[in-house]
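File shown: work25.tsv. Contents: TSV, C-alpha atoms and all ligand atoms.
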chain	number	residue	atom	x	y	z
A	1380	MET	CA	2.94	18.40	14.88
A	1381	ARG	CA	0.56	17.85	12.03
A	1382	GLU	CA	-1.24	21.20	12.29
A	1383	LYS	CA	-3.39	20.71	9.20
A	1384	LEU	CA	-4.69	17.40	10.57
A	1385	LYS	CA	-5.31	19.02	13.96
A	1386	LEU	CA	-7.79	21.37	12.29
A	1387	ARG	CA	-9.69	18.27	11.12
A	1388	ASN	CA	-9.50	16.31	14.38
A	1389	GLY	CA	-12.46	13.96	14.75
A	1390	ALA	CA	-13.50	14.27	11.11
A	1391	ARG	CA	-14.00	11.30	8.85
A	1392	MET	CA	-13.15	12.30	5.30
A	1393	ARG	CA	-11.56	11.20	2.05
A	1394	PHE	CA	-7.82	11.43	1.46
A	1395	LYS	CA	-5.28	10.82	-1.27
A	1396	GLY	CA	-1.84	9.37	-0.58
A	1397	THR	CA	1.15	7.77	-2.30
A	1398	PHE	CA	2.31	4.31	-1.21
A	1399	ASP	CA	5.90	4.42	0.04
A	1400	ARG	CA	6.68	1.15	1.87
A	1401	TYR	CA	5.50	-1.64	4.12
A	1402	GLY	CA	6.51	-1.77	7.79
A	1403	LEU	CA	6.01	-3.97	10.82
A	1404	LYS	CA	4.97	-3.21	14.35
A	1405	THR	CA	5.00	-5.41	17.43
A	1406	ALA	CA	1.69	-7.11	18.10
A	1407	TYR	CA	0.24	-7.87	21.51
A	1408	ARG	CA	0.62	-11.51	20.56
A	1409	GLY	CA	1.64	-13.45	17.47
A	1410	LEU	CA	3.48	-12.19	14.42
A	1411	PRO	CA	4.18	-8.46	14.03
A	1412	LEU	CA	1.38	-6.47	12.37
A	1413	VAL	CA	1.94	-5.12	8.87
A	1414	THR	CA	1.76	-1.34	8.47
A	1415	VAL	CA	1.68	0.83	5.37
A	1416	CYS	CA	3.48	4.15	4.95
A	1417	LEU	CA	1.78	6.69	2.72
A	1418	THR	CA	3.34	10.00	1.72
A	1419	GLU	CA	1.98	13.23	0.17
A	1420	ILE	CA	-1.30	13.06	2.09
A	1421	GLN	CA	-3.87	15.40	0.58
A	1422	ASP	CA	-7.59	16.01	0.72
A	1423	MET	CA	-9.56	15.30	-2.46
A	1424	GLN	CA	-9.11	18.91	-3.57
A	1425	GLY	CA	-5.35	18.31	-3.60
A	1426	LYS	CA	-4.54	20.40	-0.52
A	1427	ASP	CA	-1.42	19.07	1.26
A	1428	LEU	CA	-2.20	17.82	4.77
A	1429	CYS	CA	0.94	16.04	5.96
A	1430	ASP	CA	4.11	14.51	4.54
A	1431	HIS	CA	3.56	10.93	5.68
A	1432	ILE	CA	1.37	8.67	7.79
A	1433	TRP	CA	1.51	5.04	8.91
A	1434	LEU	CA	-1.69	2.98	8.76
A	1435	ASN	CA	-2.39	-0.61	9.73
A	1436	GLU	CA	-2.60	-2.91	6.73
A	1437	THR	CA	-6.37	-3.40	6.99
A	1438	LYS	CA	-8.54	-5.69	4.87
A	1439	GLY	CA	-9.12	-2.81	2.45
A	1440	PHE	CA	-5.37	-2.57	1.80
A	1441	ARG	CA	-5.03	-6.32	1.30
A	1442	GLU	CA	-7.87	-6.26	-1.20
A	1443	LEU	CA	-5.87	-3.83	-3.37
A	1444	GLY	CA	-3.16	-6.48	-3.73
A	1445	VAL	CA	0.56	-5.81	-3.43
A	1446	LEU	CA	1.31	-2.09	-3.51
A	1447	TYR	CA	4.35	-0.61	-5.27
A	1448	PRO	CA	6.17	2.60	-4.33
A	1449	GLY	CA	4.52	5.44	-6.22
A	1450	ASP	CA	1.01	3.92	-6.43
A	1451	ARG	CA	-1.51	6.64	-5.66
A	1452	ILE	CA	-4.60	5.67	-3.67
A	1453	ALA	CA	-7.74	7.30	-2.26
A	1454	PHE	CA	-9.42	6.26	0.99
A	1455	ASP	CA	-11.75	7.36	3.77
A	1456	ALA	CA	-10.25	7.67	7.26
A	1457	ARG	CA	-10.82	9.35	10.57
A	1458	VAL	CA	-8.47	12.01	11.95
A	1459	GLY	CA	-7.62	11.32	15.57
A	1460	ALA	CA	-5.21	12.48	18.26
A	1461	TYR	CA	-2.61	10.24	19.90
A	1462	LEU	CA	0.27	10.55	22.32
A	1463	LYS	CA	3.64	10.48	20.63
A	1464	GLY	CA	6.97	9.87	22.36
A	1465	TYR	CA	7.98	7.77	25.33
A	1466	ALA	CA	6.01	7.62	28.53
A	1467	GLY	CA	8.01	8.03	31.70
A	1468	ARG	CA	10.84	10.03	30.21
A	1469	GLU	CA	11.18	13.58	31.46
A	1470	GLU	CA	10.89	16.54	29.13
A	1471	GLU	CA	14.36	17.80	30.09
A	1472	GLU	CA	15.89	14.53	28.91
A	1473	GLY	CA	14.59	15.32	25.44
A	1474	GLY	CA	11.75	12.84	25.78
A	1475	GLY	CA	8.26	13.18	27.13
A	1476	GLN	CA	5.00	12.78	25.32
A	1477	TYR	CA	3.02	15.17	23.19
A	1478	VAL	CA	-0.16	15.04	21.16
A	1479	ASP	CA	0.05	14.43	17.43
A	1480	TYR	CA	-2.55	13.51	14.84
A	1481	LYS	CA	-2.98	10.39	12.76
A	1482	LEU	CA	-5.47	8.73	10.43
A	1483	THR	CA	-7.31	5.60	11.51
A	1484	ARG	CA	-9.69	2.98	10.11
A	1485	PRO	CA	-9.03	3.45	6.40
A	1486	THR	CA	-11.91	2.17	4.24
A	1487	LYS	CA	-13.14	2.46	0.63
A	1488	LEU	CA	-9.62	2.18	-0.73
A	1489	MET	CA	-9.08	2.51	-4.45
A	1490	PHE	CA	-6.24	3.14	-6.86
A	1491	LEU	CA	-5.96	6.59	-8.43
A	1492	SER	CA	-2.89	5.52	-10.42
A	1493	LYS	CA	-0.44	2.63	-10.48
A	1494	VAL	CA	3.25	2.54	-11.27
A	1495	GLY	CA	4.67	-0.22	-13.47
A	1496	ARG	CA	4.97	-3.61	-11.69
A	1497	ARG	CA	8.52	-4.86	-11.33
A	1498	LYS	CA	10.50	-7.45	-9.41
A	1499	ILE	CA	11.28	-5.67	-6.16
A	1500	TYR	CA	9.65	-8.05	-3.69
A	1501	ILE	CA	9.84	-11.55	-2.27
A	1502	ILE	CA	6.51	-12.64	-0.81
A	1503	CYS	CA	6.81	-15.00	2.16
A	1504	GLU	CA	5.21	-18.38	1.59
A	1505	LYS	CA	4.50	-18.80	5.30
A	1506	CYS	CA	2.97	-15.47	6.31
A	1507	ASP	CA	2.41	-13.59	3.01
A	1508	HIS	CA	4.59	-10.69	4.11
A	1509	VAL	CA	5.92	-8.57	1.24
A	1510	ASN	CA	9.71	-8.40	1.71
A	1511	GLY	CA	12.32	-6.49	-0.24
A	1512	ILE	CA	14.03	-8.50	-2.99
A	1513	THR	CA	17.35	-8.54	-1.11
A	1514	ALA	CA	15.91	-10.10	2.08
A	1515	GLU	CA	17.39	-13.47	3.02
A	1516	ARG	CA	14.68	-14.27	5.51
A	1517	CYS	CA	11.15	-12.98	6.09
A	1518	ARG	CA	11.31	-9.86	8.25
A	1519	ARG	CA	7.94	-10.77	9.77
A	1520	CYS	CA	8.09	-14.52	10.54
A	1521	LYS	CA	11.92	-14.80	10.32
A	1522	ILE	CA	11.84	-17.95	8.19
A	1523	PRO	CA	14.78	-17.99	5.71
A	1524	PHE	CA	13.73	-17.89	2.07
A	1525	GLU	CA	16.02	-20.77	1.11
A	1526	GLU	CA	13.77	-22.97	3.28
A	1527	GLN	CA	10.61	-22.07	1.44
A	1528	PRO	CA	9.47	-22.27	-2.16
A	1529	LEU	CA	9.31	-18.79	-3.67
A	1530	LYS	CA	5.84	-17.48	-4.21
A	1531	PRO	CA	5.43	-15.60	-7.47
A	1532	VAL	CA	4.40	-11.97	-7.06
A	1533	PRO	CA	0.81	-11.71	-8.31
A	1534	GLN	CA	0.85	-10.22	-11.78
A	1535	GLN	CA	-1.75	-7.83	-13.09
A	1536	PRO	CA	-3.79	-9.24	-15.98
A	1537	PRO	CA	-2.40	-7.86	-19.24
A	1538	ASP	CA	-4.12	-4.89	-20.79
A	1539	PRO	CA	-6.35	-6.43	-23.53
A	1540	LYS	CA	-5.34	-3.58	-25.84
A	1541	LEU	CA	-1.72	-4.66	-25.47
A	1542	ILE	CA	-2.20	-8.38	-26.13
A	1543	GLN	CA	-0.16	-9.29	-29.17
A	1544	ARG	CA	-2.22	-10.91	-31.87
A	1545	THR	CA	-0.82	-13.36	-34.35
A	1546	LEU	CA	-0.93	-12.26	-38.00
A	1547	GLU	CA	-3.68	-14.77	-38.63
A	1548	GLU	CA	-5.80	-13.42	-35.78
A	1549	GLU	CA	-5.19	-9.89	-37.02
A	1550	PHE	CA	-6.25	-10.88	-40.54
A	1551	THR	CA	-9.35	-12.70	-39.26
A	1552	SER	CA	-10.35	-9.72	-37.16
A	1553	ILE	CA	-9.93	-7.29	-40.06
A	1554	MET	CA	-11.98	-9.53	-42.35
A	1555	ASP	CA	-14.53	-9.93	-39.58
A	1556	SER	CA	-14.86	-6.17	-39.23
A	1557	ILE	CA	-15.75	-5.83	-42.92
A	1558	GLY	CA	-18.19	-8.71	-42.73
A	1559	VAL	CA	-16.12	-11.42	-44.43
A	1560	LYS	CA	-16.15	-14.79	-42.72
A	1561	VAL	CA	-12.72	-16.40	-43.04
A	1562	LYS	CA	-13.58	-19.76	-41.54
A	1601	ZN	ZN	7.00	-14.68	6.70
Go ahead and express the file in the form of structure tokens.
Amino acid sequence: MREKLKLRNGARMRFKGTFDRYGLKTAYRGLPLVTVCLTEIQDMQGKDLCDHIWLNETKGFRELGVLYPGDRIAFDARVGAYLKGYAGREEEEGGGQYVDYKLTRPTKLMFLSKVGRRKIYIICEKCDHVNGITAERCRRCKIPFEEQPLKPVPQQPPDPKLIQRTLEEEFTSIMDSIGVKVK
């Protein structure tokens, strides 16, 4: 049980977590819902609260763009209790249900740090699901990738400080900075 979350049951507060991977869970109807696994959950003071949590991929997550393992994010969420385990199975069979704690309704998501972007995903053209690079078909909508054009993974805009200038641009900018108009 997540004892440190239990102490905060019912509270809405800010957390830090590290993106680990995307998952899927069965929906009441339609395609499976996308979930997000975060590890190293801490409060904003850096106190460890639990080793991992699964959250629904809410609008706030989608607005961050595609997440990569190791990205560190901050978010507000509510601590709540839920029943874990399988209903209808007796305790003596090693089943039964017990109360555990989870985080719900994540909002105000932002990056604390990002890892380098690399080619580890195939994004489904049909349903936008982020699949591992070795997938042959979308895990969410099941459509094989050879039947769909590959969607490029959105790239981050380059850091302006890292944009390579041509020698001429470099020269012009140096002259500019000392007040000499080249053209
Ligand atoms: Zn798909």
Can you find the residues with an atom no farther than 8 Å from (6.4, 8.5, 0.5), counting all atoms listed in the file, and report them as a list in words? Thr1397, Phe1398, Asp1399, Arg1400, Cys1416, Leu1417, Thr1418, Glu1419, Asp1430, His1431, Pro1448 and Gly1449 of chain A
Do you know which residues are within 8 Å of ligand ZN 1601 (chain A) using all atoms listed in the file? Can you write them as a PyMOL selection string? chain A and resi 1502-1508+1516-1522
I'd like the contact shell of Val1415 (chain A) - 7 Å cut-off, only C-alpha atoms, skipping same-chain residues fewer than 2 positions apart - returned as number ranges by chain. A: 1400-1402, 1413, 1417, 1433-1436
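Taking CA of Val1445 (chain A) and CA of Asp1479 (chain A) as endpoints, the distance between them is 29.1 Å.
Minimum atom-to-atom distances from A:Pro1523, A:Met1423, A:Ile1557, A:Val1509 to Leu1403 (chain A) were compared using all atoms listed in the file, and the lowest value belongs to A:Val1509.
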Listed atoms of region 1480-1489 of chain A boxed axis-aligned with 6 Å per side, centre + edges as JSON:
{"center_x": -7.8, "center_y": 7.8, "center_z": 5.2, "size_x": 22.6, "size_y": 23.3, "size_z": 31.3}
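Across the model, the gap from CA of Thr1405 (chain A) to CA of Gln1421 (chain A) is 28.2 Å.
Distance annotation: of A:Arg1497, A:Lys1438, A:Arg1408, A:Arg1381, the residue with the minimal separation from Ile1420 (chain A) is A:Arg1381; atom set is only C-alpha atoms.
Nearest-residue note for Leu1488 (chain A): choosing from A:Tyr1447, A:Phe1550, A:Phe1440, A:Tyr1500, the minimum distance belongs to A:Phe1440, counting all atoms listed in the file.
Nearest-residue note for Gln1424 (chain A): choosing from A:Phe1394, A:Glu1442, A:Ala1456, A:Asn1510, the minimum distance belongs to A:Phe1394, counting only C-alpha atoms.
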Would you be able to write out as an MDAnalysis selection string which residues have an atom within 12 Å of (-6.1, 16.6, 18.5) in the file's coordinates, counting only C-alpha atoms? chainID A and resid 1380:1390 1457:1463 1477:1482
Could you please take those selected residues and save C-alpha atoms as a tab-separated table (two decimals), in the coordinates of the input?
chain	number	residue	atom	x	y	z
A	1380	MET	CA	2.94	18.40	14.88
A	1381	ARG	CA	0.56	17.85	12.03
A	1382	GLU	CA	-1.24	21.20	12.29
A	1383	LYS	CA	-3.39	20.71	9.20
A	1384	LEU	CA	-4.69	17.40	10.57
A	1385	LYS	CA	-5.31	19.02	13.96
A	1386	LEU	CA	-7.79	21.37	12.29
A	1387	ARG	CA	-9.69	18.27	11.12
A	1388	ASN	CA	-9.50	16.31	14.38
A	1389	GLY	CA	-12.46	13.96	14.75
A	1390	ALA	CA	-13.50	14.27	11.11
A	1457	ARG	CA	-10.82	9.35	10.57
A	1458	VAL	CA	-8.47	12.01	11.95
A	1459	GLY	CA	-7.62	11.32	15.57
A	1460	ALA	CA	-5.21	12.48	18.26
A	1461	TYR	CA	-2.61	10.24	19.90
A	1462	LEU	CA	0.27	10.55	22.32
A	1463	LYS	CA	3.64	10.48	20.63
A	1477	TYR	CA	3.02	15.17	23.19
A	1478	VAL	CA	-0.16	15.04	21.16
A	1479	ASP	CA	0.05	14.43	17.43
A	1480	TYR	CA	-2.55	13.51	14.84
A	1481	LYS	CA	-2.98	10.39	12.76
A	1482	LEU	CA	-5.47	8.73	10.43
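In this comparison, which uses all atoms listed in the file, the residue of A:Thr1437, A:Tyr1407, A:Leu1546, A:Glu1515 approaching Gln1527 (chain A) most closely is A:Glu1515.
A straight line drawn from CA of Val1494 (chain A) to CA of Gly1511 (chain A) is 16.9 Å long.
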Pick from A:Ile1512, A:Glu1548, A:Gly1464, A:Phe1454: nearest to Arg1484 (chain A), with all atoms listed in the file counted? A:Phe1454
